[in-house]
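S.K.: Dropping in structure-v1.cif, which is mmCIF, C-alpha atoms:
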```
data_protein
#
loop_
_atom_site.label_atom_id
_atom_site.label_comp_id
_atom_site.auth_asym_id
_atom_site.auth_seq_id
_atom_site.Cartn_x
_atom_site.Cartn_y
_atom_site.Cartn_z
CA LEU A 49 -33.54 -3.23 -34.72
CA ILE A 50 -36.80 -2.71 -36.61
CA MET A 51 -36.90 -1.49 -40.20
CA LYS A 52 -39.80 -1.27 -42.61
CA THR A 53 -39.52 -2.88 -46.05
CA SER A 54 -39.71 0.58 -47.64
CA ASP A 55 -36.62 1.62 -45.65
CA ILE A 56 -34.74 -1.47 -46.81
CA ILE A 57 -35.69 -0.85 -50.44
CA GLU A 58 -34.52 2.75 -50.13
CA GLN A 59 -31.13 1.57 -48.85
CA GLU A 60 -30.68 -1.15 -51.46
CA PHE A 61 -31.89 0.61 -54.62
CA ILE A 62 -31.65 4.00 -56.24
CA LEU A 63 -34.89 5.00 -57.93
CA LYS A 64 -34.30 6.07 -61.52
CA TYR A 65 -36.78 7.15 -64.19
CA ASN A 66 -36.74 5.49 -67.60
CA SER A 67 -39.26 5.90 -70.38
CA LEU A 68 -41.23 2.87 -71.55
CA ILE A 69 -39.15 2.52 -74.69
CA GLN A 70 -35.92 2.68 -72.66
CA ILE A 71 -37.23 -0.02 -70.32
CA ASN A 72 -38.25 -2.22 -73.26
CA ALA A 73 -34.74 -1.93 -74.72
CA LEU A 74 -33.25 -2.94 -71.37
CA LEU A 75 -35.55 -5.95 -70.98
CA ALA A 76 -35.25 -7.21 -74.57
CA ASP A 77 -31.45 -6.70 -74.75
CA PRO A 78 -31.14 -8.87 -77.90
CA GLN A 79 -28.26 -9.60 -80.24
CA ASN A 80 -29.39 -6.82 -82.60
CA LEU A 81 -31.03 -3.69 -81.20
CA ILE A 82 -32.13 -1.17 -83.84
CA GLY A 83 -33.98 2.01 -82.95
CA GLU A 84 -35.85 4.44 -85.21
CA LEU A 85 -36.44 7.06 -82.54
CA GLY A 86 -37.38 10.72 -82.42
CA ARG A 87 -35.07 13.54 -81.35
CA GLY A 88 -34.55 13.74 -77.57
CA SER A 89 -35.82 10.22 -76.87
CA GLY A 90 -32.64 9.39 -74.95
CA LYS A 91 -31.42 6.85 -77.48
CA SER A 92 -27.75 7.66 -76.93
CA THR A 93 -27.51 8.50 -73.22
CA GLU A 94 -30.20 6.16 -71.85
CA ILE A 95 -30.21 3.24 -74.31
CA MET A 96 -26.90 3.01 -76.19
CA ALA A 97 -24.54 3.98 -73.34
CA PRO A 98 -25.91 1.55 -70.69
CA ARG A 99 -26.13 -1.18 -73.32
CA MET A 100 -22.48 -0.55 -74.20
CA MET A 101 -21.58 -1.18 -70.56
CA ARG A 102 -23.63 -4.42 -70.52
CA VAL A 103 -22.18 -5.66 -73.81
CA SER A 104 -18.63 -4.87 -72.70
CA TYR A 105 -19.20 -6.89 -69.52
CA GLY A 106 -20.83 -9.73 -71.47
CA LEU A 107 -17.88 -9.88 -73.90
CA PRO A 108 -14.82 -9.53 -71.60
CA ARG A 109 -11.51 -8.79 -73.40
CA ALA A 110 -13.32 -8.38 -76.74
CA THR A 111 -12.92 -5.47 -79.17
CA LEU A 112 -16.11 -3.57 -79.99
CA SER A 113 -16.70 -0.70 -82.41
CA LEU A 114 -18.37 2.68 -82.01
CA ALA A 115 -19.09 3.76 -85.58
CA GLY A 116 -20.48 6.81 -87.31
CA SER A 117 -20.58 8.43 -90.72
CA THR A 118 -17.26 10.22 -90.06
CA TYR A 119 -14.59 9.99 -87.40
CA THR A 120 -15.23 13.65 -86.50
CA PHE A 121 -18.92 12.88 -85.96
CA VAL A 122 -18.03 9.96 -83.67
CA ILE A 123 -15.69 12.08 -81.53
CA GLY A 124 -17.66 15.32 -81.58
CA THR A 125 -21.21 13.98 -81.22
CA ILE A 126 -21.64 10.29 -80.39
CA LEU A 127 -18.80 10.02 -77.88
CA LYS A 128 -20.00 13.08 -75.95
CA THR A 129 -23.36 11.48 -75.16
CA ILE A 130 -21.76 8.16 -74.22
CA LEU A 131 -19.31 9.85 -71.84
CA THR A 132 -22.11 11.97 -70.35
CA TYR A 133 -23.73 8.78 -69.11
CA PHE A 134 -20.45 7.14 -68.02
CA ASN A 135 -19.27 10.20 -66.08
CA LYS A 136 -22.63 10.40 -64.32
CA HIS A 137 -22.73 6.78 -63.18
CA TYR A 138 -19.11 5.62 -63.10
CA LYS A 139 -15.63 6.87 -62.20
CA ARG A 140 -13.07 7.43 -64.92
CA GLY A 141 -9.83 5.54 -64.27
CA THR A 142 -11.67 3.03 -62.07
CA HIS A 143 -14.68 1.78 -64.04
CA PHE A 144 -13.61 2.96 -67.50
CA GLU A 145 -10.99 4.98 -69.36
CA TYR A 146 -10.98 6.73 -72.71
CA GLY A 147 -8.56 8.51 -75.00
CA LYS A 148 -5.46 7.09 -73.34
CA GLU A 149 -3.89 3.84 -72.14
CA PRO A 150 -5.80 2.50 -69.12
CA PRO A 151 -4.23 1.72 -65.73
CA ARG A 152 -1.95 -1.33 -65.63
CA TRP A 153 -4.39 -3.26 -63.46
CA PHE A 154 -7.02 -3.20 -66.25
CA LYS A 155 -7.07 -6.53 -68.09
CA ARG A 156 -5.80 -6.38 -71.67
CA PRO A 157 -7.98 -7.31 -74.68
CA TYR A 158 -7.24 -10.44 -76.69
CA ILE A 159 -6.26 -8.24 -79.65
CA GLU A 160 -3.55 -5.76 -78.67
CA VAL A 161 -4.31 -2.05 -79.01
CA THR A 162 -1.66 0.15 -80.64
CA ASP A 163 -3.49 3.49 -80.45
CA TRP A 164 -5.40 4.04 -77.19
CA ARG A 165 -6.45 7.55 -78.24
CA ARG A 166 -9.30 6.05 -80.28
CA THR A 167 -10.74 3.84 -77.55
CA ILE A 168 -12.86 3.41 -74.45
CA SER A 169 -11.52 0.66 -72.19
CA PHE A 170 -12.97 -1.27 -69.25
CA PRO A 171 -11.34 -3.10 -66.29
CA TRP A 172 -12.45 -6.53 -67.58
CA GLY A 173 -10.37 -5.99 -70.74
CA THR A 174 -13.05 -4.97 -73.24
CA VAL A 175 -12.12 -2.15 -75.61
CA VAL A 176 -14.39 0.02 -77.77
CA GLN A 177 -12.65 1.32 -80.90
CA PHE A 178 -13.87 4.49 -82.66
CA VAL A 179 -14.66 4.02 -86.35
CA GLY A 180 -15.42 6.59 -89.05
CA LEU A 181 -16.90 4.95 -92.13
CA ASP A 182 -16.14 7.72 -94.64
CA ARG A 183 -12.41 6.93 -94.98
CA PRO A 184 -10.54 3.61 -95.12
CA ASN A 185 -7.88 4.77 -92.61
CA THR A 186 -10.50 5.44 -89.88
CA SER A 187 -12.86 2.58 -90.78
CA GLY A 188 -12.91 -0.91 -89.35
CA ILE A 189 -11.03 -2.52 -92.24
CA GLY A 190 -8.62 -5.11 -90.85
CA SER A 191 -10.16 -5.03 -87.37
CA ASN A 192 -11.94 -7.79 -85.50
CA PHE A 193 -15.12 -6.63 -83.73
CA ALA A 194 -17.37 -8.83 -81.62
CA HIS A 195 -20.18 -6.24 -81.57
CA SER A 196 -20.78 -2.85 -83.21
CA PHE A 197 -22.47 0.32 -81.99
CA ILE A 198 -23.65 2.75 -84.66
CA ASP A 199 -25.43 6.08 -84.36
CA GLU A 200 -27.31 8.14 -86.97
CA LEU A 201 -27.66 5.31 -89.48
CA LEU A 202 -29.36 7.67 -91.93
CA ARG A 203 -25.96 9.32 -92.52
CA ILE A 204 -24.26 6.03 -93.49
CA SER A 205 -24.51 4.52 -96.95
CA GLU A 206 -25.20 0.83 -97.32
CA THR A 207 -21.99 0.50 -99.34
CA ASN A 208 -19.81 1.94 -96.56
CA TYR A 209 -21.52 -0.25 -93.98
CA ALA A 210 -21.19 -3.39 -96.09
CA GLU A 211 -17.61 -2.80 -97.22
CA ARG A 212 -16.01 -1.08 -94.22
CA LEU A 213 -17.74 -2.41 -91.11
CA MET A 214 -19.37 -5.76 -91.88
CA PRO A 215 -16.11 -7.48 -92.89
CA ALA A 216 -14.66 -6.54 -89.49
CA GLN A 217 -17.73 -7.84 -87.65
CA ARG A 218 -16.41 -11.29 -86.93
CA GLY A 219 -14.70 -11.62 -83.52
CA ASP A 220 -13.66 -15.07 -82.32
CA ARG A 221 -16.60 -17.46 -82.06
CA GLN A 222 -14.65 -19.96 -79.97
CA ILE A 223 -14.06 -17.31 -77.30
CA PHE A 224 -17.20 -15.16 -77.48
CA GLY A 225 -19.76 -17.40 -79.21
CA GLN A 226 -21.65 -18.18 -75.98
CA SER A 227 -22.63 -14.54 -75.48
CA PRO A 228 -25.97 -13.40 -76.96
CA TYR A 229 -24.25 -10.11 -77.88
CA PHE A 230 -21.66 -11.78 -80.11
CA GLY A 231 -21.88 -10.71 -83.76
CA GLY A 232 -24.63 -8.22 -82.99
CA VAL A 233 -25.33 -4.61 -83.91
CA THR A 234 -26.69 -1.77 -81.79
CA GLY A 235 -27.80 1.00 -84.15
CA PHE A 236 -29.96 4.10 -83.80
CA SER A 237 -31.24 6.88 -86.00
CA SER A 238 -34.07 9.28 -86.51
CA THR A 239 -36.51 8.61 -89.35
CA PRO A 240 -35.00 9.15 -92.84
CA ASN A 241 -36.63 11.53 -95.33
CA PHE A 242 -36.05 9.12 -98.28
CA GLU A 243 -34.74 11.96 -100.49
CA ASN A 244 -31.17 12.53 -99.29
CA ASP A 245 -31.05 10.25 -96.20
CA HIS A 246 -29.97 6.61 -96.31
CA ASP A 247 -32.85 4.25 -95.57
CA TRP A 248 -31.37 0.78 -96.25
CA TRP A 249 -31.28 -0.01 -92.50
CA LEU A 250 -35.09 0.05 -92.27
CA LYS A 251 -34.95 -3.52 -93.64
CA TRP A 252 -33.94 -4.67 -90.14
CA GLU A 253 -37.58 -4.24 -89.13
CA GLN A 254 -38.50 -7.23 -91.28
CA ASN A 255 -36.13 -9.43 -89.23
CA MET A 256 -38.00 -8.92 -85.95
CA ASP A 257 -40.09 -11.70 -84.45
CA LYS A 258 -42.53 -9.64 -82.36
CA GLY A 259 -43.85 -12.63 -80.45
CA LEU A 260 -40.36 -13.75 -79.44
CA VAL A 261 -39.36 -10.22 -78.37
CA GLU A 262 -42.48 -9.94 -76.22
CA GLU A 263 -41.71 -13.30 -74.63
CA ILE A 264 -38.13 -12.24 -73.87
CA ARG A 265 -39.28 -8.98 -72.29
CA TYR A 266 -41.82 -10.77 -70.09
CA VAL A 267 -39.33 -13.36 -68.80
CA ALA A 268 -36.63 -10.73 -68.31
CA PHE A 269 -39.03 -8.65 -66.21
CA ARG A 270 -39.82 -11.66 -64.00
CA VAL A 271 -36.12 -12.43 -63.58
CA SER A 272 -35.33 -8.83 -62.64
CA GLN A 273 -38.15 -8.93 -60.07
CA ARG A 274 -36.70 -12.06 -58.45
CA LEU A 275 -33.18 -10.60 -58.37
CA ALA A 276 -34.54 -7.45 -56.71
CA GLN A 277 -36.36 -9.61 -54.15
CA ALA A 278 -33.14 -11.49 -53.45
CA GLU A 279 -31.32 -8.24 -52.66
CA ILE A 280 -34.09 -7.16 -50.29
CA TYR A 281 -34.08 -10.56 -48.54
CA LYS A 282 -30.29 -10.35 -48.14
CA LYS A 283 -30.65 -7.07 -46.29
CA LYS A 284 -33.51 -8.46 -44.18
CA ALA A 285 -31.43 -11.52 -43.31
CA ASP A 286 -28.54 -9.29 -42.20
CA PHE A 287 -30.84 -7.31 -39.88
CA ALA A 288 -32.36 -10.53 -38.53
CA ARG A 289 -28.92 -11.90 -37.66
CA GLN A 290 -27.96 -8.62 -36.01
CA GLY A 291 -31.05 -8.99 -33.83
CA ASN A 292 -30.18 -12.67 -33.15
CA GLU A 293 -33.37 -13.81 -34.92
CA LEU A 294 -31.78 -16.85 -36.53
CA ALA A 295 -35.02 -18.62 -37.50
CA LYS A 296 -36.17 -15.56 -39.40
CA ALA A 297 -32.75 -15.21 -41.06
CA LEU A 298 -32.93 -18.84 -42.25
CA ARG A 299 -36.35 -18.20 -43.80
CA TYR A 300 -34.90 -15.24 -45.67
CA ASP A 301 -31.96 -17.39 -46.81
CA ARG A 302 -34.37 -19.93 -48.28
CA GLU A 303 -36.20 -17.16 -50.13
CA ILE A 304 -32.86 -15.87 -51.46
CA ASP A 305 -31.92 -19.35 -52.66
CA LYS A 306 -35.32 -19.78 -54.35
CA ALA A 307 -35.03 -16.41 -56.14
CA MET A 308 -31.46 -17.08 -57.30
CA ARG A 309 -32.36 -20.54 -58.64
CA PHE A 310 -35.26 -19.00 -60.57
CA ALA A 311 -32.95 -16.32 -62.02
CA ALA A 312 -30.27 -18.87 -62.94
CA LYS A 313 -32.75 -21.17 -64.69
CA TRP A 314 -34.50 -18.50 -66.73
CA GLY A 315 -31.37 -16.39 -67.23
CA LYS A 316 -29.86 -19.25 -69.21
CA GLN A 317 -33.04 -19.51 -71.30
CA LEU A 318 -32.98 -15.76 -71.94
CA ALA A 319 -29.39 -15.89 -73.19
CA GLU A 320 -30.33 -18.59 -75.70
CA LYS A 321 -33.45 -16.76 -76.91
CA ARG A 322 -31.60 -13.46 -77.33
CA LYS A 323 -29.06 -15.01 -79.71
CA GLY A 324 -29.96 -14.18 -83.29
CA THR A 325 -32.88 -12.01 -82.16
CA THR A 326 -33.53 -8.54 -83.58
CA TYR A 327 -35.57 -5.93 -81.74
CA TYR A 328 -36.58 -3.02 -83.97
CA MET A 329 -37.85 -0.13 -81.87
CA LYS A 330 -39.94 2.78 -83.15
CA GLY A 331 -40.81 5.77 -81.05
CA THR A 332 -41.44 9.50 -81.15
CA SER A 333 -39.89 12.26 -79.04
CA PHE A 334 -43.05 12.09 -76.92
CA THR A 335 -41.83 8.78 -75.45
CA ASN A 336 -39.50 10.92 -73.32
CA LEU A 337 -42.03 13.66 -72.53
CA VAL A 338 -41.50 13.50 -68.75
CA ILE A 339 -37.85 14.53 -69.22
CA LEU A 340 -38.21 16.84 -72.23
CA GLY A 341 -41.36 18.63 -71.08
CA LEU A 342 -44.11 20.27 -73.10
CA ASP A 343 -42.02 23.43 -73.59
CA TYR A 344 -39.50 21.43 -75.62
CA MET A 345 -42.23 20.03 -77.85
CA ARG A 346 -43.82 23.45 -78.24
CA ASN A 347 -40.47 25.01 -79.19
CA GLN A 348 -39.79 22.26 -81.71
CA TYR A 349 -43.20 22.79 -83.25
CA GLU A 350 -42.80 26.58 -83.38
CA GLY A 351 -39.35 26.20 -84.95
CA SER A 352 -40.75 23.91 -87.64
CA ARG A 353 -43.81 25.96 -88.59
CA GLY A 354 -42.25 26.82 -91.92
CA ASN A 355 -41.61 23.13 -92.57
CA ILE A 356 -44.15 20.95 -90.75
CA ASP A 357 -42.82 17.88 -92.56
CA LYS A 358 -39.57 18.29 -90.63
CA PHE A 359 -41.47 18.24 -87.32
CA LYS A 360 -43.35 15.10 -88.35
CA LEU A 361 -40.08 13.48 -89.39
CA THR A 362 -37.72 14.33 -86.50
CA ILE A 363 -40.20 14.53 -83.60
CA LEU A 364 -43.11 12.28 -84.55
CA GLY A 365 -41.09 9.79 -86.60
CA ILE A 366 -43.68 9.76 -89.39
CA ARG A 367 -42.10 8.40 -92.54
CA PRO A 368 -42.81 10.52 -95.62
CA ARG A 369 -44.59 8.87 -98.50
CA GLN A 370 -42.33 7.66 -101.25
CA VAL A 371 -43.26 8.37 -104.86
CA LYS A 372 -42.97 4.67 -105.71
CA ASN A 373 -45.72 3.91 -103.17
CA LEU A 374 -48.19 6.54 -104.38
CA PHE A 375 -51.19 5.83 -106.63
CA PHE A 376 -49.84 7.18 -109.92
CA ALA A 377 -46.52 5.32 -109.54
CA LYS A 378 -48.28 1.97 -109.06
CA PHE A 379 -50.98 2.58 -111.65
CA GLY A 380 -50.68 0.36 -114.71
CA LYS A 381 -52.58 -1.53 -117.40
CA LYS A 382 -53.62 -4.16 -114.86
CA ASN A 383 -55.67 -1.50 -113.09
CA ILE A 384 -57.71 -0.64 -116.20
CA PHE A 385 -61.02 -2.43 -116.76
CA GLU A 386 -62.31 -2.34 -120.35
CA ASP A 387 -65.35 -4.64 -120.33
CA SER A 388 -66.27 -8.20 -119.48
CA TYR A 389 -66.28 -9.71 -123.00
CA VAL A 390 -63.69 -12.34 -123.93
CA TYR A 391 -63.35 -11.39 -127.55
CA ASP A 392 -61.26 -14.42 -128.50
CA HIS A 393 -64.29 -16.63 -127.90
CA ILE A 394 -66.79 -14.56 -129.91
#
```
Would you give me this structure, written as structure tokens?

M.R.:
Amino acid sequence: LIMKTSDIIEQEFILKYNSLIQINALLADPQNLIGELGRGSGKSTEIMAPRMMRVSYGLPRATLSLAGSTYTFVIGTILKTILTYFNKHYKRGTHFEYGKEPPRWFKRPYIEVTDWRRTISFPWGTVVQFVGLDRPNTSGIGSNFAHSFIDELLRISETNYAERLMPAQRGDRQIFGQSPYFGGVTGFSSTPNFENDHDWWLKWEQNMDKGLVEEIRYVAFRVSQRLAQAEIYKKKADFARQGNELAKALRYDREIDKAMRFAAKWGKQLAEKRKGTTYYMKGTSFTNLVILGLDYMRNQYEGSRGNIDKFKLTILGIRPRQVKNLFFAKFGKKNIFEDSYVYDHI
């Protein structure tokens, strides 16, 4: 049986397009992932949803939160995009469940759930609870979250975040403390206009160590390459054994062992580096141009002709200038030069 490597790759992997910013989010995968991204950049369906699956698997039997400005916004907007991704890649009732009690064979979370209508659940026991931060009865007060997902941060006041979500962001360190996701936040938003949008969350950008994030992405890429090679070698070894080419199969086995040892060594290092790390992403709608197309951009521009600032804000992610940062707001006596004489000494 003769097969080309390209045929083996085609059988083992499904080719999928991701934008550069989506790939960077996947490789960095830190404790805190914050994105200031333009409209249509795929932040919910291609970044938040797959990360939710990874975090749920990395924190088995934990309780996570999916939070928004209001409970209605969570159900009507955020949840729709999450489920769009899940329904496309997974099977409801087998790989996840939402809005009702899961099958009995699903593991149960450490903290018992009394209302399954407000949850997404996974077979390994992790539960995502829906949280609306506008009212105490739908907020996270009294809960115990190991990780939080938040969308449209510009709609959420710092007070509501600090008083209704942060106190619940504690989990159980003895159980989940080894995971790099523990105690983290995954939050996204478009750029705030500084007039009636909340902009407190922009401070997360100051917490990012760019050098460390770049290092994590590089190592993660190398690890993913080795894991992909291992899968290809496994298939090659199977074909070699079917053809009774045992010497060739043994060579492939050694390559598999080498790749897996590399992944195990550096995977452990990655987990340690990702703890406490914040990755603040910035990107325009043009980062997803291949999917959106030029027609989308043209339509957005035409629709914003009467208000070009809106186009720059929502599509290009250009932050408007704040009055406090303009010349006349910063101008003071220290900026005035009278002359060079020191009159006290004359």

S.K.: List as an MDAnalysis selection string: which residues have an atom within 9 Å of (-36.1, -10.8, -80.3), counting only C-alpha atoms?

M.R.: chainID A and resid 76:81 256:265 321:328

S.K.: What are the closest atom pairs, with distances in Å to one decimal, for each residue of region 173-240 of chain A lying within 12 Å of region 140-145 of chain A, using only C-alpha atoms, rows by chain and rising residue number, as a Markdown table?

M.R.:
```
| residue | atom | partner | partner_atom | distance |
| --- | --- | --- | --- | --- |
| A:Gly173 | CA | A:Phe144 | CA | 10.1 |
| A:Thr174 | CA | A:Phe144 | CA | 9.8 |
| A:Val175 | CA | A:Glu145 | CA | 9.5 |
| A:Val176 | CA | A:Glu145 | CA | 10.3 |
```

S.K.: For region 83-100 of chain A, please output as a PDB file with C-alpha atoms, in the frame of the given file all residues within 7 Å (counting all atoms listed in the file; exclusion window: fewer than 2 positions along the same chain).

M.R.:
```pdb
ATOM      1  CA  GLN A  70     -35.920   2.680 -72.660  1.00  0.00           C
ATOM      2  CA  ALA A  73     -34.740  -1.930 -74.720  1.00  0.00           C
ATOM      3  CA  LEU A  81     -31.030  -3.690 -81.200  1.00  0.00           C
ATOM      4  CA  ARG A 102     -23.630  -4.420 -70.520  1.00  0.00           C
ATOM      5  CA  VAL A 103     -22.180  -5.660 -73.810  1.00  0.00           C
ATOM      6  CA  SER A 104     -18.630  -4.870 -72.700  1.00  0.00           C
ATOM      7  CA  THR A 129     -23.360  11.480 -75.160  1.00  0.00           C
ATOM      8  CA  ILE A 130     -21.760   8.160 -74.220  1.00  0.00           C
ATOM      9  CA  TYR A 133     -23.730   8.780 -69.110  1.00  0.00           C
ATOM     10  CA  GLY A 235     -27.800   1.000 -84.150  1.00  0.00           C
ATOM     11  CA  PHE A 236     -29.960   4.100 -83.800  1.00  0.00           C
ATOM     12  CA  SER A 237     -31.240   6.880 -86.000  1.00  0.00           C
ATOM     13  CA  SER A 238     -34.070   9.280 -86.510  1.00  0.00           C
ATOM     14  CA  THR A 239     -36.510   8.610 -89.350  1.00  0.00           C
ATOM     15  CA  TYR A 328     -36.580  -3.020 -83.970  1.00  0.00           C
ATOM     16  CA  MET A 329     -37.850  -0.130 -81.870  1.00  0.00           C
ATOM     17  CA  LYS A 330     -39.940   2.780 -83.150  1.00  0.00           C
ATOM     18  CA  GLY A 331     -40.810   5.770 -81.050  1.00  0.00           C
ATOM     19  CA  THR A 332     -41.440   9.500 -81.150  1.00  0.00           C
ATOM     20  CA  SER A 333     -39.890  12.260 -79.040  1.00  0.00           C
ATOM     21  CA  THR A 335     -41.830   8.780 -75.450  1.00  0.00           C
ATOM     22  CA  ASN A 336     -39.500  10.920 -73.320  1.00  0.00           C
ATOM     23  CA  THR A 362     -37.720  14.330 -86.500  1.00  0.00           C
ATOM     24  CA  ILE A 363     -40.200  14.530 -83.600  1.00  0.00           C
ATOM     25  CA  LEU A 364     -43.110  12.280 -84.550  1.00  0.00           C
ATOM     26  CA  GLY A 365     -41.090   9.790 -86.600  1.00  0.00           C
TER      27      GLY A 365
END
```

S.K.: Could you check the closest approach to Ile189 (chain A) for each of A:Arg152, A:Leu340, A:Ser113, A:Asn135 and tell me which residue wins, using only C-alpha atoms?

M.R.: A:Ser113

S.K.: What is the CA of Tyr300 (chain A) to CA of Ala278 (chain A) distance in Å?

M.R.: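 CA of Ala278 (chain A) lies at a distance of 8.8 Å from CA of Tyr300 (chain A).
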
S.K.: Would you tabulate, counting all atoms listed in the file, all residues of region 225-332 of chain A that have an atom at most 12 Å from an atom of region 201-216 of chain A, showing the closest pair of atoms and their distance in Å to one decimal, sorted by chain then ascending number, as CSV?

M.R.:
```
residue,atom,partner,partner_atom,distance
A:Gly231,CA,A:Met214,CA,9.8
A:Gly232,CA,A:Met214,CA,10.6
A:Val233,CA,A:Met214,CA,10.0
A:Thr234,CA,A:Leu201,CA,10.5
A:Gly235,CA,A:Leu201,CA,6.9
A:Phe236,CA,A:Leu201,CA,6.2
A:Ser237,CA,A:Leu201,CA,5.2
A:Ser238,CA,A:Leu202,CA,7.4
A:Thr239,CA,A:Leu202,CA,7.7
A:Pro240,CA,A:Leu202,CA,5.9
A:Asn241,CA,A:Leu202,CA,8.9
A:Phe242,CA,A:Leu202,CA,9.3
A:Glu243,CA,A:Leu202,CA,11.0
A:Asn244,CA,A:Leu202,CA,9.0
A:Asp245,CA,A:Leu202,CA,5.3
A:His246,CA,A:Leu202,CA,4.5
A:Asp247,CA,A:Leu202,CA,6.1
A:Trp248,CA,A:Glu206,CA,6.3
A:Trp249,CA,A:Leu201,CA,7.1
A:Leu250,CA,A:Leu201,CA,9.5
A:Lys251,CA,A:Glu206,CA,11.3
A:Trp252,CA,A:Leu201,CA,11.8
```
